[in-house]
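The structure file run-v7.cif is reproduced below (mmCIF, C-alpha atoms).
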data_query
#
loop_
_atom_site.label_atom_id
_atom_site.label_comp_id
_atom_site.auth_asym_id
_atom_site.auth_seq_id
_atom_site.Cartn_x
_atom_site.Cartn_y
_atom_site.Cartn_z
CA ASP A 1 0.00 0.00 0.00
CA ALA A 2 1.72 3.14 -1.23
CA GLY A 3 1.76 6.07 1.10
CA VAL A 4 1.64 9.72 0.09
CA THR A 5 3.98 10.38 -2.82
CA GLN A 6 5.27 13.75 -3.94
CA SER A 7 7.20 14.85 -6.98
CA PRO A 8 9.72 16.15 -7.65
CA THR A 9 11.85 15.70 -4.54
CA HIS A 10 13.99 18.75 -5.26
CA LEU A 11 13.50 21.78 -7.46
CA ILE A 12 15.53 24.88 -8.19
CA LYS A 13 13.87 27.94 -9.70
CA THR A 14 14.69 31.62 -10.13
CA ARG A 15 12.70 34.60 -8.91
CA GLY A 16 9.64 35.35 -10.99
CA GLN A 17 9.26 31.84 -12.35
CA GLN A 18 6.31 29.55 -11.82
CA VAL A 19 6.39 26.07 -10.28
CA THR A 20 4.04 23.08 -10.04
CA LEU A 21 4.35 20.45 -7.34
CA ARG A 22 2.47 17.17 -7.41
CA CYS A 23 0.99 14.87 -4.80
CA SER A 24 -0.65 11.45 -4.90
CA PRO A 25 -2.61 10.65 -1.74
CA LYS A 26 -2.51 7.44 0.22
CA SER A 27 -4.77 4.78 -1.25
CA GLY A 28 -8.37 5.30 -0.16
CA HIS A 29 -7.89 8.91 0.90
CA ASP A 30 -10.00 11.69 -0.63
CA THR A 31 -8.65 14.85 1.00
CA VAL A 32 -5.33 16.55 0.30
CA SER A 33 -3.74 19.34 2.32
CA TRP A 34 -0.63 21.33 1.48
CA TYR A 35 1.82 22.82 3.97
CA GLN A 36 4.89 25.02 3.65
CA GLN A 37 7.77 24.35 6.03
CA ALA A 38 10.42 27.07 6.02
CA LEU A 39 13.84 26.21 7.41
CA GLY A 40 13.76 25.91 11.19
CA GLN A 41 9.98 26.34 11.45
CA GLY A 42 6.92 24.19 11.78
CA PRO A 43 4.70 23.50 8.77
CA GLN A 44 2.23 26.22 7.84
CA PHE A 45 -1.13 25.30 6.30
CA ILE A 46 -1.61 26.52 2.74
CA PHE A 47 -4.92 24.98 1.67
CA GLN A 48 -6.96 21.81 1.57
CA TYR A 49 -8.82 20.13 -1.30
CA TYR A 50 -11.81 17.84 -1.10
CA GLU A 51 -14.08 16.74 -3.94
CA GLU A 52 -11.96 18.82 -6.34
CA GLU A 53 -12.69 22.03 -4.48
CA GLU A 54 -10.64 24.19 -2.14
CA ARG A 55 -12.29 23.63 1.21
CA GLN A 56 -10.06 25.68 3.50
CA ARG A 57 -7.24 28.14 3.00
CA GLY A 58 -4.48 29.47 5.21
CA ASN A 59 -2.89 32.90 5.15
CA PHE A 60 -1.11 32.63 1.81
CA PRO A 61 -1.35 35.03 -1.15
CA ASP A 62 -3.20 34.26 -4.37
CA ARG A 63 0.12 33.38 -5.99
CA PHE A 64 -0.43 30.02 -4.36
CA SER A 65 -3.11 28.00 -6.09
CA GLY A 66 -4.03 24.37 -6.33
CA HIS A 67 -6.07 21.74 -8.00
CA GLN A 68 -7.44 18.33 -7.18
CA PHE A 69 -8.15 15.79 -9.88
CA PRO A 70 -10.93 13.15 -10.00
CA ASN A 71 -8.44 10.50 -8.85
CA TYR A 72 -7.81 12.67 -5.72
CA SER A 73 -4.26 13.59 -6.70
CA SER A 74 -3.37 17.23 -6.34
CA GLU A 75 -1.11 19.99 -7.62
CA LEU A 76 0.25 23.06 -5.92
CA ASN A 77 1.13 25.98 -8.19
CA VAL A 78 3.14 28.99 -7.15
CA ASN A 79 3.44 31.96 -9.50
CA ALA A 80 5.92 34.84 -9.49
CA LEU A 81 8.30 33.05 -7.16
CA LEU A 82 10.02 35.03 -4.42
CA LEU A 83 13.15 34.16 -2.51
CA GLY A 84 10.96 33.68 0.56
CA ASP A 85 9.09 30.85 -1.14
CA SER A 86 12.12 28.63 -0.62
CA ALA A 87 10.91 25.86 1.67
CA LEU A 88 9.93 22.25 2.01
CA TYR A 89 6.41 21.76 0.66
CA LEU A 90 4.54 18.94 2.31
CA CYS A 91 1.45 17.20 1.10
CA ALA A 92 -0.81 15.36 3.52
CA SER A 93 -3.74 13.12 2.76
CA SER A 94 -6.67 12.02 4.88
CA LEU A 95 -10.08 10.45 4.63
CA ALA A 96 -12.95 12.81 5.32
CA GLY A 97 -14.64 12.05 8.61
CA THR A 98 -11.73 10.12 10.16
CA ARG A 99 -10.93 12.58 12.92
CA ASN A 100 -8.17 14.54 11.28
CA ILE A 101 -5.52 11.90 10.92
CA GLN A 102 -3.26 13.19 8.19
CA TYR A 103 -0.48 11.23 6.55
CA PHE A 104 2.42 13.19 5.11
CA GLY A 105 4.62 12.69 2.11
CA ALA A 106 8.38 13.24 2.15
CA GLY A 107 7.97 16.69 0.62
CA THR A 108 9.39 18.72 -2.24
CA ARG A 109 12.37 20.93 -1.44
CA LEU A 110 12.02 24.16 -3.46
CA SER A 111 14.94 26.53 -3.72
CA VAL A 112 14.37 29.94 -5.29
CA LEU A 113 17.52 31.74 -6.43
CA ALA B 1 -7.65 31.06 16.67
CA GLN B 2 -5.70 28.01 17.58
CA SER B 3 -2.02 28.02 18.44
CA VAL B 4 0.68 25.73 19.78
CA THR B 5 3.73 26.60 21.83
CA GLN B 6 6.58 24.14 22.18
CA LEU B 7 8.90 25.04 25.03
CA GLY B 8 12.53 24.47 24.13
CA SER B 9 13.69 24.46 20.53
CA HIS B 10 16.45 21.98 21.47
CA VAL B 11 16.42 19.23 24.09
CA SER B 12 19.40 17.02 24.85
CA VAL B 13 19.19 13.78 26.87
CA SER B 14 21.48 10.85 27.52
CA GLU B 15 20.66 7.46 26.10
CA GLY B 16 18.41 5.65 28.57
CA ALA B 17 17.18 8.86 30.21
CA LEU B 18 13.63 10.18 30.31
CA VAL B 19 12.47 12.20 27.33
CA LEU B 20 10.08 15.09 28.03
CA LEU B 21 9.01 17.42 25.22
CA ARG B 22 6.62 20.18 26.19
CA CYS B 23 3.58 21.39 24.28
CA ASN B 24 0.93 23.91 25.29
CA TYR B 25 -2.03 24.71 23.11
CA SER B 26 -4.71 27.33 22.74
CA SER B 27 -8.10 26.46 21.32
CA SER B 28 -11.58 27.89 21.67
CA VAL B 29 -13.19 24.48 21.24
CA PRO B 30 -12.21 21.00 22.45
CA PRO B 31 -9.07 20.27 20.48
CA TYR B 32 -7.66 17.34 18.63
CA LEU B 33 -3.93 17.12 19.43
CA PHE B 34 -1.11 15.36 17.65
CA TRP B 35 2.60 14.68 17.91
CA TYR B 36 4.58 14.15 14.73
CA VAL B 37 8.24 13.24 14.28
CA GLN B 38 10.44 14.34 11.39
CA TYR B 39 13.74 12.67 10.60
CA PRO B 40 16.27 14.54 8.45
CA ASN B 41 15.17 14.97 4.85
CA GLN B 42 11.90 13.17 5.47
CA GLY B 43 8.24 14.06 5.88
CA LEU B 44 6.24 13.92 9.09
CA GLN B 45 5.32 10.66 10.78
CA LEU B 46 2.41 10.50 13.21
CA LEU B 47 3.51 9.43 16.70
CA LEU B 48 0.20 9.68 18.50
CA LYS B 49 -3.09 11.56 18.65
CA TYR B 50 -5.62 12.74 21.21
CA THR B 51 -9.22 12.84 20.01
CA SER B 52 -11.24 13.28 23.24
CA ALA B 53 -11.05 9.69 24.43
CA ALA B 54 -8.53 8.62 27.11
CA THR B 55 -6.36 11.46 28.36
CA LEU B 56 -3.22 9.31 28.39
CA VAL B 57 -2.38 8.42 24.83
CA LYS B 58 0.13 5.78 23.81
CA GLY B 59 1.88 6.02 20.49
CA ILE B 60 4.52 4.29 18.47
CA ASN B 61 8.14 3.68 19.49
CA GLY B 62 7.32 3.80 23.22
CA PHE B 63 6.12 7.42 23.27
CA GLU B 64 3.10 8.60 25.17
CA ALA B 65 1.41 11.91 25.92
CA GLU B 66 -1.05 13.13 28.51
CA PHE B 67 -3.82 15.62 27.77
CA LYS B 68 -4.30 18.04 30.68
CA LYS B 69 -7.17 20.41 30.01
CA SER B 70 -6.58 22.50 33.14
CA GLU B 71 -3.00 23.18 32.04
CA THR B 72 -3.78 23.27 28.29
CA SER B 73 -0.85 20.93 27.84
CA PHE B 74 -0.05 17.82 25.84
CA HIS B 75 3.52 16.91 26.77
CA LEU B 76 5.30 14.01 25.07
CA THR B 77 7.30 11.52 27.12
CA LYS B 78 9.34 8.37 26.71
CA PRO B 79 10.80 6.55 29.73
CA SER B 80 14.12 5.64 28.12
CA ALA B 81 15.68 7.45 25.18
CA HIS B 82 17.29 5.57 22.33
CA MET B 83 19.79 6.91 19.83
CA SER B 84 17.22 6.37 17.08
CA ASP B 85 14.88 8.89 18.78
CA ALA B 86 17.07 11.77 17.65
CA ALA B 87 14.83 13.82 15.36
CA GLU B 88 12.61 16.89 15.33
CA TYR B 89 9.24 16.65 17.04
CA PHE B 90 6.19 18.74 16.26
CA CYS B 91 3.05 19.22 18.31
CA ALA B 92 -0.08 20.14 16.36
CA VAL B 93 -3.66 21.10 17.14
CA SER B 94 -6.78 20.82 15.02
CA ASP B 95 -10.20 22.35 15.42
CA ALA B 96 -12.45 19.50 14.32
CA GLU B 97 -15.45 21.74 14.01
CA TYR B 98 -13.99 23.61 11.05
CA GLY B 99 -12.21 20.83 9.22
CA ASN B 100 -8.89 19.25 9.78
CA LYS B 101 -6.35 22.00 9.19
CA LEU B 102 -3.37 21.35 11.45
CA VAL B 103 -1.68 24.20 13.32
CA PHE B 104 1.88 23.24 14.25
CA GLY B 105 4.30 24.40 16.85
CA ALA B 106 7.81 25.48 15.89
CA GLY B 107 9.26 22.09 16.72
CA THR B 108 11.76 20.67 19.22
CA ILE B 109 14.97 19.04 18.09
CA LEU B 110 15.83 16.08 20.31
CA ARG B 111 19.46 15.13 20.66
CA VAL B 112 20.37 11.81 22.31
CA LYS B 113 23.88 11.51 23.73
CA SER B 114 25.64 8.18 24.08
#
With the file now loaded, output its structure as structure tokens.
Amino acid sequence: DAGVTQSPTHLIKTRGQQVTLRCSPKSGHDTVSWYQQALGQGPQFIFQYYEEEERQRGNFPDRFSGHQFPNYSSELNVNALLLGDSALYLCASSLAGTRNIQYFGAGTRLSVL
Amino acid sequence: AQSVTQLGSHVSVSEGALVLLRCNYSSSVPPYLFWYVQYPNQGLQLLLKYTSAATLVKGINGFEAEFKKSETSFHLTKPSAHMSDAAEYFCAVSDAEYGNKLVFGAGTILRVKS
């Protein structure tokens, strides 16, 4: 049973570029959440997708957008990259109604130069 | 708004000694509380969770945590530290009423000395 998988594992971009990160949830899960973990900090909630719609959003600008596909996989898009967007981006999946147990992937390390 | 405070960004213990990692939370509704562990260059692994059942929660790898409402605390303990416990530990809170967004503390790095 595959867990949460994320791709790519590492990514280097320059300021102003756009990036897309991908996430496949754990088998049987229907909800995907995205978190940003800056160096030395705890993860910060970006947004959550359920039934292909954004259900909840954290305090992140509109440059951060997402999508969920019918197979429950998800993408995180970041436009107009800033140096401060450099972080580990974590995807977590869960099953709606299962008391908030979220399973995390290994993350995508984004470096913005 | 919910928040989590982890006291001590770094904790160092000797192998075989008691591990105590502190977590205090703030929540306007009964919270769901979690401890996650993160090994270098890896994602987060769930250690244990409190979801309004027993106040003493047992998790994986010999860890446990006790929910104390009066102290708004959810401290993580392990009776005897092992070298493999060296990692970063995160406490998180969720407000079940509004979905399962997790709010994390800043983390505590645990060092185990031989």
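Near chain A, within 7 Å and counting all atoms listed in the file, the residues of chain B are B:Gln42, B:Gly43, B:Leu44, B:Gln45, B:Asn100, B:Lys101, B:Leu102, B:Phe104, B:Gly105, B:Ala106, B:Gly107.
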- One-decimal distance in Å that lies between CA of Lys58 (chain B) and CA of Ser27 (chain A):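 If I compute the distance from CA of Ser27 (chain A) to CA of Lys58 (chain B), I get 25.6 Å.
Taking CA of Thr108 (chain B) and CA of Ser7 (chain A) as endpoints, the distance between them is 27.2 Å.
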- Given the PyMOL selection byres ((chain B and resi 46-54) around 7), the residues it picks as a ChimeraX atom specification: /B:32-37,44-45,55-60
- Query: What is the CA of Val29 (chain B) to CA of Glu52 (chain A) distance in Å?
  - Reply: 28.2 Å
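Once the PyMOL selection byres ((chain B and resi 21) around 8) is applied to this file, the selection holds Gln6, Leu7, Gly8, Val11, Val19, Leu20, Arg22, Cys23, His75, Leu76, Thr77 and Thr108 of chain B.
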Reference answer for the PyMOL selection byres ((chain B and resi 27) around 8), as a PDB file with C-alpha atoms, keeping the file's coordinate frame:
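This is the output file part12.pdb:
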ATOM      1  CA  ALA B   1      -7.650  31.060  16.670  1.00  0.00           C
ATOM      2  CA  GLN B   2      -5.700  28.010  17.580  1.00  0.00           C
ATOM      3  CA  SER B   3      -2.020  28.020  18.440  1.00  0.00           C
ATOM      4  CA  TYR B  25      -2.030  24.710  23.110  1.00  0.00           C
ATOM      5  CA  SER B  26      -4.710  27.330  22.740  1.00  0.00           C
ATOM      6  CA  SER B  28     -11.580  27.890  21.670  1.00  0.00           C
ATOM      7  CA  VAL B  29     -13.190  24.480  21.240  1.00  0.00           C
ATOM      8  CA  PRO B  30     -12.210  21.000  22.450  1.00  0.00           C
ATOM      9  CA  PRO B  31      -9.070  20.270  20.480  1.00  0.00           C
ATOM     10  CA  ASP B  95     -10.200  22.350  15.420  1.00  0.00           C
TER      11      ASP B  95
END
- Query: Which residues come within 12 Å of region 79-84 of chain A, counting all atoms listed in the file, excluding same-chain residues fewer than 4 positions away, as a list in words?
  - Reply: Ile12, Lys13, Thr14, Arg15, Gly16, Gln17, Gln18, Val19, Thr20, Leu21, Gln36, Gln37, Ala38, Leu39, Pro61, Asp62, Arg63, Phe64, Ser65, Gly66, Leu88, Leu110, Ser111, Val112 and Leu113 of chain A
Region 50-59 of chain B: axis-aligned bounding box, 6 Å on each side, centre and edge lengths in Å, one decimal, as JSON:
{"center_x": -4.7, "center_y": 9.5, "center_z": 24.2, "size_x": 25.1, "size_y": 19.5, "size_z": 20.4}
